[in-house]
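Here is the structure we will look at, set down as structure tokens.
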Amino acid sequence: EQLWTAIRALPAFGVAELAFAASTEEHPVKPRTAERYIRDLAAAGVLIVLTPYRKGAKGRPGARAGKWRLKPSRNSGPKPLKASKGRIFDPNTGQWLGAPKPKAGGDEE
């Protein structure tokens, strides 16, 4: 809920900014949690990538943090979007966003 509220309020954000904006004294948000939520929302087409995340070369510093923003059409309401099995459920609209992740082994039923 804290992450979704911060995403809706911020014009653009990186992992660290989102974790900071979503944190409270009683409920701090870890950057790793913010990163996972961002990744899930971006994969489902909820976020616009302003600056792609780029990993630094092995043995060299210089990873570049990404920047994202919420697509205006995906700002559907105050209830937080929920990630489940590679898809996002929007409780504001009752819709699933994104495609499910393929099963390991490649066999689809």
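To be explicit about the labels: the chains of the structure tokens are called A, B, and onward in the order shown, and within each one the residues are counted from 1, while ligands get numbers from 1 in the order they are shown.
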Item to complete: Determine, counting only C-alpha atoms, which protein, DNA and RNA residues have an atom within 12 Å of an atom of A:Asn75; residues of the same chain fewer than 2 positions away are not included. Present the result as an MDAnalysis selection string.
Response: chainID A and resid 4:10 41 45:47 69:73 77:81 90:93
Practice prompt. Pick out the residues sitting within 6 Å of stretch 31-40 of chain A, and hand them over as a ChimeraX atom specification; count only C-alpha atoms, and ignore anything fewer than 6 positions along from it in its own chain.
Written response: /A:15-16,19
Practice prompt. Pull the strand (DSSP E) assignments for chain A out of DSSP run on the backbone, and list those residues as number ranges by chain.
Written response: A: 47-51, 67-70, 82-84, 87-90, 95-97
Discussion item. For the structure I just gave you, how does DSSP split chain A - specifically, which residues are alpha helix (DSSP H)? Reply as an MDAnalysis selection string.
Written reply: chainID A and resid 2:9 15:22 31:43
Discussion item. Counting only C-alpha atoms, which residue out of A:Gly14, A:Gly94, A:Gly66, A:Gly86 sits closest to A:Ala44?
Written reply: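 Once distances to A:Ala44 are computed over only C-alpha atoms, the minimum belongs to A:Gly86.
You can rank A:Ser84, A:Gln95, A:Gln2, A:Ser76 by their closest distance to A:Glu26 using only C-alpha atoms, and at the top of that list sits A:Gln2.
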Item to complete: Point out the residue among A:Ala22, A:Phe13, A:Pro28, A:Trp96 with the least atom-to-atom distance to A:Leu50, counting only C-alpha atoms.
Response: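 The answer is A:Phe13, which sits nearest to A:Leu50.
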Fill in: Given only C-alpha atoms as the counted atoms, nearest of A:Lys30, A:Lys85, A:Ala12, A:Glu25 to A:Val49
A:Ala12
